[in-house]
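Undergrad: Pasting entry.cif below, which is mmCIF, C-alpha atoms and all ligand atoms.
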```
data_protein
#
loop_
_atom_site.label_atom_id
_atom_site.label_comp_id
_atom_site.auth_asym_id
_atom_site.auth_seq_id
_atom_site.Cartn_x
_atom_site.Cartn_y
_atom_site.Cartn_z
CA MET S 83 28.60 3.80 23.71
CA ASP S 84 26.77 2.39 26.76
CA ARG S 85 23.01 2.34 27.24
CA GLU S 86 23.04 5.34 29.58
CA ALA S 87 25.05 7.44 27.16
CA ARG S 88 22.79 6.49 24.24
CA GLY S 89 19.80 7.74 26.17
CA HIS S 90 16.20 6.58 26.30
CA GLY S 91 15.43 7.60 22.70
CA VAL S 92 18.04 5.36 21.12
CA ASP S 93 16.92 2.38 23.22
CA ARG S 94 13.63 2.51 21.33
CA ALA S 95 15.46 2.60 18.03
CA LEU S 96 14.56 0.01 15.44
CA VAL S 97 17.19 1.24 13.00
CA ASP S 98 20.46 2.67 14.23
CA ILE S 99 23.00 3.72 11.59
CA ARG S 100 26.35 4.88 12.93
CA GLY S 101 29.18 6.52 11.00
CA VAL S 102 28.34 4.73 7.76
CA ASP S 103 30.21 5.17 4.50
CA LEU S 104 29.24 3.14 1.48
CA ARG S 105 31.46 2.74 -1.53
CA TYR S 106 30.46 1.00 -4.75
CA GLY S 107 33.41 -0.75 -6.41
CA GLU S 108 37.06 -0.76 -5.41
CA GLY S 109 40.13 1.43 -5.98
CA ASP S 110 40.17 4.03 -8.77
CA VAL S 111 36.91 2.81 -10.25
CA GLY S 112 35.23 2.86 -6.82
CA MET S 113 32.74 5.57 -5.97
CA LEU S 114 31.76 6.85 -2.55
CA ALA S 115 27.94 6.92 -2.50
CA LEU S 116 27.30 7.71 1.20
CA GLN S 117 29.55 9.38 3.74
CA GLY S 118 29.39 9.70 7.53
CA ILE S 119 25.73 8.75 7.91
CA ASP S 120 24.30 8.80 11.44
CA LEU S 121 20.58 8.15 11.53
CA THR S 122 18.23 6.60 14.05
CA VAL S 123 14.68 5.50 13.34
CA GLN S 124 12.51 4.89 16.40
CA ARG S 125 10.04 2.04 16.52
CA GLY S 126 6.78 3.20 14.96
CA GLU S 127 8.38 6.27 13.43
CA PHE S 128 7.75 7.35 9.83
CA VAL S 129 10.91 8.71 8.23
CA ALA S 130 11.37 10.20 4.76
CA LEU S 131 14.67 10.55 2.88
CA VAL S 132 14.85 13.33 0.29
CA GLY S 133 17.63 14.87 -1.75
CA PRO S 134 19.04 15.28 -5.26
CA SER S 135 19.02 12.44 -7.74
CA GLY S 136 21.92 10.05 -7.15
CA CYS S 137 22.59 11.21 -3.58
CA GLY S 138 22.24 7.69 -2.20
CA LYS S 139 18.64 7.47 -0.95
CA SER S 140 17.95 4.03 -2.44
CA THR S 141 21.38 2.94 -1.26
CA MET S 142 20.21 3.76 2.28
CA LEU S 143 17.36 1.27 1.86
CA LYS S 144 19.79 -1.36 0.59
CA LEU S 145 21.91 -0.80 3.72
CA ILE S 146 18.97 -1.04 6.10
CA SER S 147 17.56 -4.17 4.43
CA GLY S 148 20.96 -5.87 4.39
CA LEU S 149 21.21 -6.01 0.60
CA ARG S 150 24.47 -3.98 0.85
CA MET S 151 27.02 -3.86 3.64
CA PRO S 152 28.63 -0.57 4.71
CA SER S 153 32.27 0.12 3.81
CA ALA S 154 32.70 1.79 7.22
CA GLY S 155 30.53 2.11 10.33
CA GLY S 156 27.62 -0.11 11.26
CA VAL S 157 23.90 -0.66 10.76
CA LEU S 158 21.82 -2.11 13.59
CA VAL S 159 18.22 -3.18 13.11
CA GLY S 160 16.35 -4.34 16.20
CA GLY S 161 19.63 -4.10 18.12
CA ARG S 162 21.46 -6.53 15.81
CA GLU S 163 24.20 -5.78 13.35
CA VAL S 164 22.82 -6.24 9.85
CA ASP S 165 25.05 -8.78 8.10
CA ARG S 166 22.60 -10.39 5.69
CA PRO S 167 19.25 -9.59 4.02
CA LEU S 168 16.59 -9.13 6.69
CA LYS S 169 13.31 -11.00 6.96
CA ILE S 170 11.47 -8.45 9.07
CA VAL S 171 11.33 -6.00 6.19
CA GLY S 172 8.58 -5.27 3.69
CA MET S 173 9.52 -3.40 0.52
CA ALA S 174 7.69 -1.57 -2.24
CA PHE S 175 9.14 0.26 -5.22
CA GLN S 176 8.12 2.73 -7.90
CA SER S 177 7.34 -0.18 -10.20
CA PRO S 178 4.84 -2.53 -8.52
CA ALA S 179 6.81 -5.47 -10.03
CA LEU S 180 3.90 -7.91 -9.77
CA LEU S 181 4.32 -11.34 -11.34
CA PRO S 182 2.12 -11.28 -14.46
CA TRP S 183 1.22 -14.97 -14.30
CA ARG S 184 -0.14 -14.74 -10.77
CA THR S 185 -3.45 -13.24 -9.69
CA SER S 186 -3.54 -10.18 -7.42
CA LEU S 187 -4.25 -12.35 -4.40
CA SER S 188 -1.49 -14.77 -5.25
CA ASN S 189 0.94 -11.86 -5.77
CA ALA S 190 0.04 -10.41 -2.38
CA LEU S 191 0.62 -13.80 -0.73
CA LEU S 192 4.10 -14.20 -2.20
CA PRO S 193 6.13 -13.18 0.89
CA LEU S 194 4.31 -15.79 2.98
CA GLU S 195 5.35 -18.41 0.44
CA ILE S 196 9.03 -17.51 0.58
CA VAL S 197 9.78 -15.82 3.93
CA GLU S 198 10.54 -17.81 7.06
CA PRO S 199 8.83 -18.93 9.21
CA TYR S 200 5.62 -18.70 7.12
CA CYS S 201 6.97 -20.65 4.14
CA HIS S 202 7.14 -23.92 6.12
CA THR S 203 3.41 -23.98 6.81
CA PHE S 204 2.20 -21.99 3.83
CA GLY S 205 -0.04 -24.75 2.40
CA ARG S 206 -1.63 -25.56 5.73
CA ASP S 207 -2.25 -21.90 6.63
CA LEU S 208 -3.40 -20.83 3.17
CA PRO S 209 -7.10 -20.32 4.02
CA ARG S 210 -6.14 -18.06 6.94
CA HIS S 211 -3.58 -16.19 4.84
CA LYS S 212 -6.18 -15.62 2.10
CA GLU S 213 -8.60 -14.24 4.63
CA ARG S 214 -5.95 -11.82 5.91
CA ALA S 215 -4.96 -10.77 2.40
CA LEU S 216 -8.60 -10.08 1.47
CA ALA S 217 -9.04 -8.00 4.63
CA LEU S 218 -5.93 -6.03 3.67
CA PHE S 219 -7.29 -5.59 0.12
CA GLN S 220 -10.46 -4.09 1.62
CA LYS S 221 -8.39 -1.72 3.76
CA VAL S 222 -6.44 -0.37 0.79
CA GLY S 223 -9.59 0.04 -1.28
CA LEU S 224 -9.24 -3.03 -3.52
CA ARG S 225 -12.54 -4.77 -4.21
CA ASN S 226 -13.29 -7.68 -6.53
CA VAL S 227 -9.76 -7.84 -7.88
CA ALA S 228 -8.42 -10.89 -6.03
CA ASP S 229 -8.75 -13.15 -9.10
CA ARG S 230 -7.61 -10.57 -11.61
CA PHE S 231 -4.12 -10.58 -13.11
CA PRO S 232 -1.83 -7.52 -12.84
CA TRP S 233 -2.34 -6.63 -16.51
CA GLN S 234 -6.07 -6.33 -15.82
CA LEU S 235 -5.50 -3.64 -13.16
CA SER S 236 -4.79 0.11 -13.33
CA GLY S 237 -1.40 1.41 -12.16
CA GLY S 238 -2.93 2.60 -8.90
CA MET S 239 -4.55 -0.78 -8.27
CA GLN S 240 -1.26 -2.55 -8.98
CA GLN S 241 0.50 -0.29 -6.50
CA ARG S 242 -2.17 -1.10 -3.89
CA VAL S 243 -1.54 -4.82 -4.46
CA SER S 244 2.18 -4.15 -4.11
CA LEU S 245 1.53 -2.35 -0.81
CA CYS S 246 -0.49 -5.34 0.42
CA ARG S 247 2.33 -7.67 -0.62
CA SER S 248 4.83 -5.58 1.35
CA LEU S 249 2.65 -5.77 4.48
CA ILE S 250 1.16 -9.27 4.30
CA HIS S 251 3.83 -10.83 6.55
CA GLU S 252 3.32 -8.00 9.06
CA PRO S 253 6.89 -6.70 8.86
CA ASP S 254 8.21 -4.47 11.64
CA LEU S 255 9.88 -2.30 9.05
CA LEU S 256 8.48 -1.04 5.76
CA LEU S 257 10.94 0.32 3.20
CA LEU S 258 9.37 2.32 0.38
CA ASP S 259 11.34 3.51 -2.63
CA GLU S 260 9.27 6.15 -4.43
CA PRO S 261 6.21 3.86 -4.41
CA PHE S 262 3.84 6.57 -5.64
CA GLY S 263 6.22 8.26 -8.08
CA ALA S 264 4.66 6.82 -11.24
CA LEU S 265 1.02 7.47 -10.33
CA ASP S 266 -1.24 10.33 -11.35
CA ALA S 267 -1.66 13.06 -8.71
CA PHE S 268 -5.16 12.00 -7.65
CA THR S 269 -4.30 8.33 -7.16
CA ARG S 270 -1.05 9.27 -5.44
CA GLU S 271 -2.88 11.42 -2.90
CA GLU S 272 -5.44 8.67 -2.29
CA LEU S 273 -2.62 6.25 -1.60
CA TRP S 274 -0.98 8.67 0.84
CA ASP S 275 -4.15 8.45 2.92
CA THR S 276 -4.32 4.66 2.52
CA LEU S 277 -0.76 4.32 3.80
CA LYS S 278 -1.33 6.87 6.56
CA ALA S 279 -4.41 4.97 7.78
CA LEU S 280 -2.55 1.63 7.77
CA TRP S 281 0.41 3.14 9.59
CA THR S 282 -1.81 4.86 12.16
CA GLU S 283 -3.57 1.56 12.84
CA ARG S 284 -0.58 -0.78 12.87
CA ARG S 285 2.35 1.48 13.77
CA PHE S 286 5.00 -0.33 11.78
CA THR S 287 8.18 1.65 11.19
CA VAL S 288 8.55 3.25 7.76
CA VAL S 289 11.49 4.58 5.77
CA LEU S 290 10.23 6.29 2.62
CA VAL S 291 12.43 7.53 -0.22
CA THR S 292 10.75 10.26 -2.21
CA HIS S 293 11.34 13.29 -4.42
CA ASP S 294 7.96 14.71 -3.47
CA LEU S 295 8.35 17.17 -0.60
CA THR S 296 4.58 17.44 -0.06
CA GLU S 297 4.46 13.65 0.29
CA ALA S 298 7.39 13.70 2.73
CA THR S 299 5.84 16.49 4.81
CA TYR S 300 2.37 14.92 4.85
CA LEU S 301 3.50 11.41 5.79
CA ALA S 302 6.73 11.61 7.76
CA ASP S 303 7.47 12.42 11.39
CA THR S 304 11.06 13.18 10.43
CA VAL S 305 12.49 14.17 7.05
CA TYR S 306 16.21 13.81 6.33
CA VAL S 307 17.67 15.92 3.52
CA PHE S 308 20.74 14.46 1.80
CA SER S 309 23.51 16.36 0.02
CA GLN S 310 24.70 15.58 -3.48
CA ARG S 311 26.94 12.54 -3.83
CA PRO S 312 28.58 11.41 -1.64
CA GLY S 313 25.31 11.63 0.27
CA ARG S 314 25.53 13.19 3.74
CA ILE S 315 22.64 14.26 5.92
CA ILE S 316 22.58 18.05 5.75
CA HIS S 317 19.25 18.74 7.41
CA THR S 318 16.88 16.93 9.77
CA ARG S 319 13.35 18.18 10.09
CA LYS S 320 10.71 17.07 12.59
CA VAL S 321 7.32 17.72 11.01
CA PRO S 322 4.68 18.69 13.59
CA MET S 323 1.81 16.19 13.53
CA ASP S 324 -0.81 18.87 14.05
CA CYS S 325 -0.15 20.34 10.61
CA ARG S 326 -0.62 17.04 8.70
CA ARG S 327 -3.44 15.12 10.29
CA THR S 328 -5.90 15.25 7.41
CA ALA S 329 -5.80 15.85 3.66
CA GLN S 330 -7.26 19.34 4.26
CA ASP S 331 -4.19 20.25 6.33
CA ARG S 332 -2.15 20.16 3.12
CA TYR S 333 -3.86 23.37 2.03
CA THR S 334 -2.95 25.39 5.13
CA VAL S 335 -0.32 28.12 5.30
CA ARG S 336 1.47 26.21 8.03
CA PHE S 337 1.83 23.12 5.82
CA ALA S 338 2.97 25.22 2.85
CA GLU S 339 5.64 26.80 5.05
CA GLU S 340 6.91 23.36 6.09
CA VAL S 341 7.18 22.29 2.44
CA ALA S 342 8.82 25.60 1.44
CA SER S 343 11.43 25.24 4.15
CA LEU S 344 12.27 21.71 3.04
CA HIS S 345 12.41 22.90 -0.54
CA GLU S 346 15.00 25.48 0.44
CA HIS S 347 17.21 22.84 2.08
CA VAL S 348 16.96 20.53 -0.93
CA GLY S 349 17.80 23.54 -3.12
CA HIS S 350 20.97 24.12 -1.08
CA ALA S 351 21.83 20.44 -1.44
CA GLN S 352 21.49 20.69 -5.22
CA GLU S 353 23.63 23.82 -5.44
CA ALA S 354 26.39 22.46 -3.17
CA GLU S 355 29.72 21.46 -4.71
CA ILE S 356 30.30 17.73 -5.05
N1 LIG N 1 25.08 -1.28 -7.80
C1 LIG N 1 25.69 -0.11 -8.01
N2 LIG N 1 26.96 -0.09 -8.49
C2 LIG N 1 27.61 1.08 -8.71
N3 LIG N 1 27.09 2.29 -8.45
C3 LIG N 1 25.83 2.32 -7.97
C4 LIG N 1 25.07 1.13 -7.73
N4 LIG N 1 23.85 1.49 -7.25
C5 LIG N 1 23.85 2.83 -7.20
N5 LIG N 1 25.03 3.33 -7.63
C6 LIG N 1 25.41 4.75 -7.68
O1 LIG N 1 25.38 5.26 -6.35
C7 LIG N 1 24.85 6.57 -6.33
C8 LIG N 1 23.63 6.60 -5.43
O2 LIG N 1 22.60 5.85 -6.06
P1 LIG N 1 21.15 5.73 -5.44
O3 LIG N 1 20.33 4.92 -6.38
O4 LIG N 1 21.24 5.29 -4.04
O5 LIG N 1 20.69 7.27 -5.47
P2 LIG N 1 19.24 7.90 -5.27
O6 LIG N 1 19.41 9.08 -4.40
O7 LIG N 1 18.28 6.86 -4.83
O8 LIG N 1 18.92 8.36 -6.77
P3 LIG N 1 17.50 8.68 -7.47
O9 LIG N 1 16.87 9.75 -6.65
O10 LIG N 1 17.89 9.17 -8.83
O11 LIG N 1 16.72 7.40 -7.50
C9 LIG N 1 24.53 6.93 -7.78
O12 LIG N 1 25.62 7.66 -8.30
C10 LIG N 1 24.42 5.59 -8.48
O13 LIG N 1 24.79 5.68 -9.83
#
```
Would you give me this structure, written as structure tokens?

TA:
Amino acid sequence: MDREARGHGVDRALVDIRGVDLRYGEGDVGMLALQGIDLTVQRGEFVALVGPSGCGKSTMLKLISGLRMPSAGGVLVGGREVDRPLKIVGMAFQSPALLPWRTSLSNALLPLEIVEPYCHTFGRDLPRHKERALALFQKVGLRNVADRFPWQLSGGMQQRVSLCRSLIHEPDLLLLDEPFGALDAFTREELWDTLKALWTERRFTVVLVTHDLTEATYLADTVYVFSQRPGRIIHTRKVPMDCRRTAQDRYTVRFAEEVASLHEHVGHAQEAEI
């Protein structure tokens, strides 16, 4: 497809997934996890992937980050075919997975120690990196925890450190796999606003996997609903920004209708034959 045919929108795409199938394993023991996926994420867009358990949402993140290659079709990130794990990606998961022997600050700095090009000058740039990490800590509501170890922090604090770690190298693309799934409702909602504020300020591109339709509606510009395995996109929903600007918007009829509509589509996905 030439540039004209792809149109202006696709030219701004950071992630462009075309006709992708992904199969785990070979032959009779192989299993088709994703089928015929076409999905474009624009630069600065916030996208959520929802759908039944096992429909291939996390597999989508593995494809985008280059941890898995498609069995058919192609994945472009920043206009380049993804053929190896990407460096421009930040990732956070349901488990914060912090290293217990490192302090919070040292955990947050980890990507700078191992990701190119930062790793080459890590020692020299450490004071500057620390300053940046502490500023990020402030932004996500972490105070006086830099020298504490993960086991001295609450789950919510650990997840905030994990969020800082995923953003410290200023990635273009943030991939989030149910990062708030294990938190209590109050902390989870606080972190939605933390993430929203960071995204509004920095406009990185986000792909969020979640089971929480309120979370998807509140945070994402576009929500993709996946079918049961093999995962296909069965519904694409643009969420109007004016119904999700502030936490109070979540209690409006308009917002509730958005969530209810998504719920219906996920319900159809769950009922559908495999
Ligand atoms: N490394 C792997 N090898 C074989 N099968 C796998 C592998 N990883 C995932 N699968 C299978 O692929 C399918 C999709 O898994 P995936 O984790 O992407 O789903 P998901 O939608 O993220 O699920 P959940 O919502 O439960 O986290 C599942 O059936 C899973 O068992």

Undergrad: Neighbouring residues of ligand LIG 1 (chain N) are defined here as those with any atom at most 6 Å from a ligand atom, counting all atoms listed in the file; list them as a VMD selection string.

TA: chain S and resid 106 115 135 to 141

Undergrad: May I ask which of the residues S:Thr328, S:Ala174, S:Asp207, S:Tyr300 is the closest one to S:Cys246, counting only C-alpha atoms?

TA: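 When distances to S:Cys246 are compared using only C-alpha atoms, the smallest one comes from S:Ala174.
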
Undergrad: Can you tell me, as a ChimeraX atom specification, what residues are no more than 10 Å from S:Glu252 when counting all atoms listed in the file, ignoring any on the same chain fewer than 6 positions away?

TA: /S:170-172,194,246,284,286

Undergrad: Just checking: using all atoms listed in the file, which residue out of S:Ile99, S:Leu245, S:Val341, S:Leu158 ends up closest to S:Ala298?

TA: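 That would be S:Val341, the residue with the smallest distance to S:Ala298.
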
Undergrad: Can you pull out every residue within 12 Å of S:Glu353, counting all atoms listed in the file, but drop anything in the same chain fewer than 5 positions away, and send it as a list of chain:residue names?

TA: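 The filter keeps S:Gly133, S:Pro134, S:Ser309, S:Gln310, S:Arg311, S:Glu346, S:His347, S:Val348.
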
Undergrad: Would you export the selected residues with C-alpha atoms as a PDB file, in the frame of the given file, please?

TA:
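File written: part-v8.pdb
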```pdb
ATOM      1  CA  GLY S 133      17.630  14.870  -1.750  1.00  0.00           C
ATOM      2  CA  PRO S 134      19.040  15.280  -5.260  1.00  0.00           C
ATOM      3  CA  SER S 309      23.510  16.360   0.020  1.00  0.00           C
ATOM      4  CA  GLN S 310      24.700  15.580  -3.480  1.00  0.00           C
ATOM      5  CA  ARG S 311      26.940  12.540  -3.830  1.00  0.00           C
ATOM      6  CA  GLU S 346      15.000  25.480   0.440  1.00  0.00           C
ATOM      7  CA  HIS S 347      17.210  22.840   2.080  1.00  0.00           C
ATOM      8  CA  VAL S 348      16.960  20.530  -0.930  1.00  0.00           C
TER       9      VAL S 348
END
```

Undergrad: Please complete stretch 114-142 of chain S with N, CA and C atoms and give it back as a PDB file, keeping the file's coordinate frame.

TA:
```pdb
ATOM      1  N   LEU S 114      32.351   6.705  -3.877  1.00  0.00           N
ATOM      2  CA  LEU S 114      31.760   6.850  -2.550  1.00  0.00           C
ATOM      3  C   LEU S 114      30.322   7.362  -2.711  1.00  0.00           C
ATOM      4  N   ALA S 115      29.350   6.540  -2.322  1.00  0.00           N
ATOM      5  CA  ALA S 115      27.940   6.920  -2.500  1.00  0.00           C
ATOM      6  C   ALA S 115      27.398   7.613  -1.245  1.00  0.00           C
ATOM      7  N   LEU S 116      27.794   7.136  -0.062  1.00  0.00           N
ATOM      8  CA  LEU S 116      27.300   7.710   1.200  1.00  0.00           C
ATOM      9  C   LEU S 116      28.497   7.960   2.115  1.00  0.00           C
ATOM     10  N   GLN S 117      28.417   9.046   2.887  1.00  0.00           N
ATOM     11  CA  GLN S 117      29.550   9.380   3.740  1.00  0.00           C
ATOM     12  C   GLN S 117      29.071   9.866   5.118  1.00  0.00           C
ATOM     13  N   GLY S 118      29.617   9.239   6.157  1.00  0.00           N
ATOM     14  CA  GLY S 118      29.390   9.700   7.530  1.00  0.00           C
ATOM     15  C   GLY S 118      27.925   9.769   7.933  1.00  0.00           C
ATOM     16  N   ILE S 119      27.179   8.724   7.607  1.00  0.00           N
ATOM     17  CA  ILE S 119      25.730   8.750   7.910  1.00  0.00           C
ATOM     18  C   ILE S 119      25.464   8.284   9.337  1.00  0.00           C
ATOM     19  N   ASP S 120      24.817   9.150  10.107  1.00  0.00           N
ATOM     20  CA  ASP S 120      24.300   8.800  11.440  1.00  0.00           C
ATOM     21  C   ASP S 120      22.797   9.029  11.381  1.00  0.00           C
ATOM     22  N   LEU S 121      22.046   7.995  11.622  1.00  0.00           N
ATOM     23  CA  LEU S 121      20.580   8.150  11.530  1.00  0.00           C
ATOM     24  C   LEU S 121      19.921   7.089  12.402  1.00  0.00           C
ATOM     25  N   THR S 122      18.951   7.537  13.183  1.00  0.00           N
ATOM     26  CA  THR S 122      18.230   6.600  14.050  1.00  0.00           C
ATOM     27  C   THR S 122      16.747   6.677  13.725  1.00  0.00           C
ATOM     28  N   VAL S 123      16.129   5.527  13.554  1.00  0.00           N
ATOM     29  CA  VAL S 123      14.680   5.500  13.340  1.00  0.00           C
ATOM     30  C   VAL S 123      14.044   4.785  14.527  1.00  0.00           C
ATOM     31  N   GLN S 124      13.176   5.496  15.229  1.00  0.00           N
ATOM     32  CA  GLN S 124      12.510   4.890  16.400  1.00  0.00           C
ATOM     33  C   GLN S 124      11.443   3.913  15.953  1.00  0.00           C
ATOM     34  N   ARG S 125      11.138   2.966  16.813  1.00  0.00           N
ATOM     35  CA  ARG S 125      10.040   2.040  16.520  1.00  0.00           C
ATOM     36  C   ARG S 125       8.756   2.825  16.305  1.00  0.00           C
ATOM     37  N   GLY S 126       8.057   2.539  15.234  1.00  0.00           N
ATOM     38  CA  GLY S 126       6.780   3.200  14.960  1.00  0.00           C
ATOM     39  C   GLY S 126       6.927   4.556  14.289  1.00  0.00           C
ATOM     40  N   GLU S 127       8.173   4.966  14.059  1.00  0.00           N
ATOM     41  CA  GLU S 127       8.380   6.270  13.430  1.00  0.00           C
ATOM     42  C   GLU S 127       8.236   6.168  11.906  1.00  0.00           C
ATOM     43  N   PHE S 128       7.840   7.264  11.288  1.00  0.00           N
ATOM     44  CA  PHE S 128       7.750   7.350   9.830  1.00  0.00           C
ATOM     45  C   PHE S 128       8.803   8.360   9.389  1.00  0.00           C
ATOM     46  N   VAL S 129       9.776   7.881   8.637  1.00  0.00           N
ATOM     47  CA  VAL S 129      10.910   8.710   8.230  1.00  0.00           C
ATOM     48  C   VAL S 129      10.909   8.839   6.705  1.00  0.00           C
ATOM     49  N   ALA S 130      11.222  10.038   6.207  1.00  0.00           N
ATOM     50  CA  ALA S 130      11.370  10.200   4.760  1.00  0.00           C
ATOM     51  C   ALA S 130      12.796  10.658   4.449  1.00  0.00           C
ATOM     52  N   LEU S 131      13.344  10.146   3.348  1.00  0.00           N
ATOM     53  CA  LEU S 131      14.670  10.550   2.880  1.00  0.00           C
ATOM     54  C   LEU S 131      14.489  11.298   1.563  1.00  0.00           C
ATOM     55  N   VAL S 132      14.974  12.536   1.514  1.00  0.00           N
ATOM     56  CA  VAL S 132      14.850  13.330   0.290  1.00  0.00           C
ATOM     57  C   VAL S 132      16.219  13.885  -0.071  1.00  0.00           C
ATOM     58  N   GLY S 133      16.349  14.304  -1.319  1.00  0.00           N
ATOM     59  CA  GLY S 133      17.630  14.870  -1.750  1.00  0.00           C
ATOM     60  C   GLY S 133      17.790  14.703  -3.246  1.00  0.00           C
ATOM     61  N   PRO S 134      18.854  15.309  -3.806  1.00  0.00           N
ATOM     62  CA  PRO S 134      19.040  15.280  -5.260  1.00  0.00           C
ATOM     63  C   PRO S 134      19.177  13.868  -5.800  1.00  0.00           C
ATOM     64  N   SER S 135      18.893  13.732  -7.083  1.00  0.00           N
ATOM     65  CA  SER S 135      19.020  12.440  -7.740  1.00  0.00           C
ATOM     66  C   SER S 135      20.458  11.925  -7.606  1.00  0.00           C
ATOM     67  N   GLY S 136      20.590  10.661  -7.242  1.00  0.00           N
ATOM     68  CA  GLY S 136      21.920  10.050  -7.150  1.00  0.00           C
ATOM     69  C   GLY S 136      22.635  10.301  -5.828  1.00  0.00           C
ATOM     70  N   CYS S 137      21.925  10.872  -4.847  1.00  0.00           N
ATOM     71  CA  CYS S 137      22.590  11.210  -3.580  1.00  0.00           C
ATOM     72  C   CYS S 137      22.685  10.011  -2.633  1.00  0.00           C
ATOM     73  N   GLY S 138      22.070   8.895  -3.011  1.00  0.00           N
ATOM     74  CA  GLY S 138      22.240   7.690  -2.200  1.00  0.00           C
ATOM     75  C   GLY S 138      21.017   7.289  -1.372  1.00  0.00           C
ATOM     76  N   LYS S 139      19.849   7.787  -1.727  1.00  0.00           N
ATOM     77  CA  LYS S 139      18.640   7.470  -0.950  1.00  0.00           C
ATOM     78  C   LYS S 139      18.291   5.973  -1.051  1.00  0.00           C
ATOM     79  N   SER S 140      18.272   5.464  -2.279  1.00  0.00           N
ATOM     80  CA  SER S 140      17.950   4.030  -2.440  1.00  0.00           C
ATOM     81  C   SER S 140      19.036   3.171  -1.813  1.00  0.00           C
ATOM     82  N   THR S 141      20.267   3.664  -1.883  1.00  0.00           N
ATOM     83  CA  THR S 141      21.380   2.940  -1.260  1.00  0.00           C
ATOM     84  C   THR S 141      21.143   2.806   0.239  1.00  0.00           C
ATOM     85  N   MET S 142      20.548   3.830   0.854  1.00  0.00           N
ATOM     86  CA  MET S 142      20.210   3.760   2.280  1.00  0.00           C
ATOM     87  C   MET S 142      19.272   2.574   2.549  1.00  0.00           C
TER      88      MET S 142
END
```
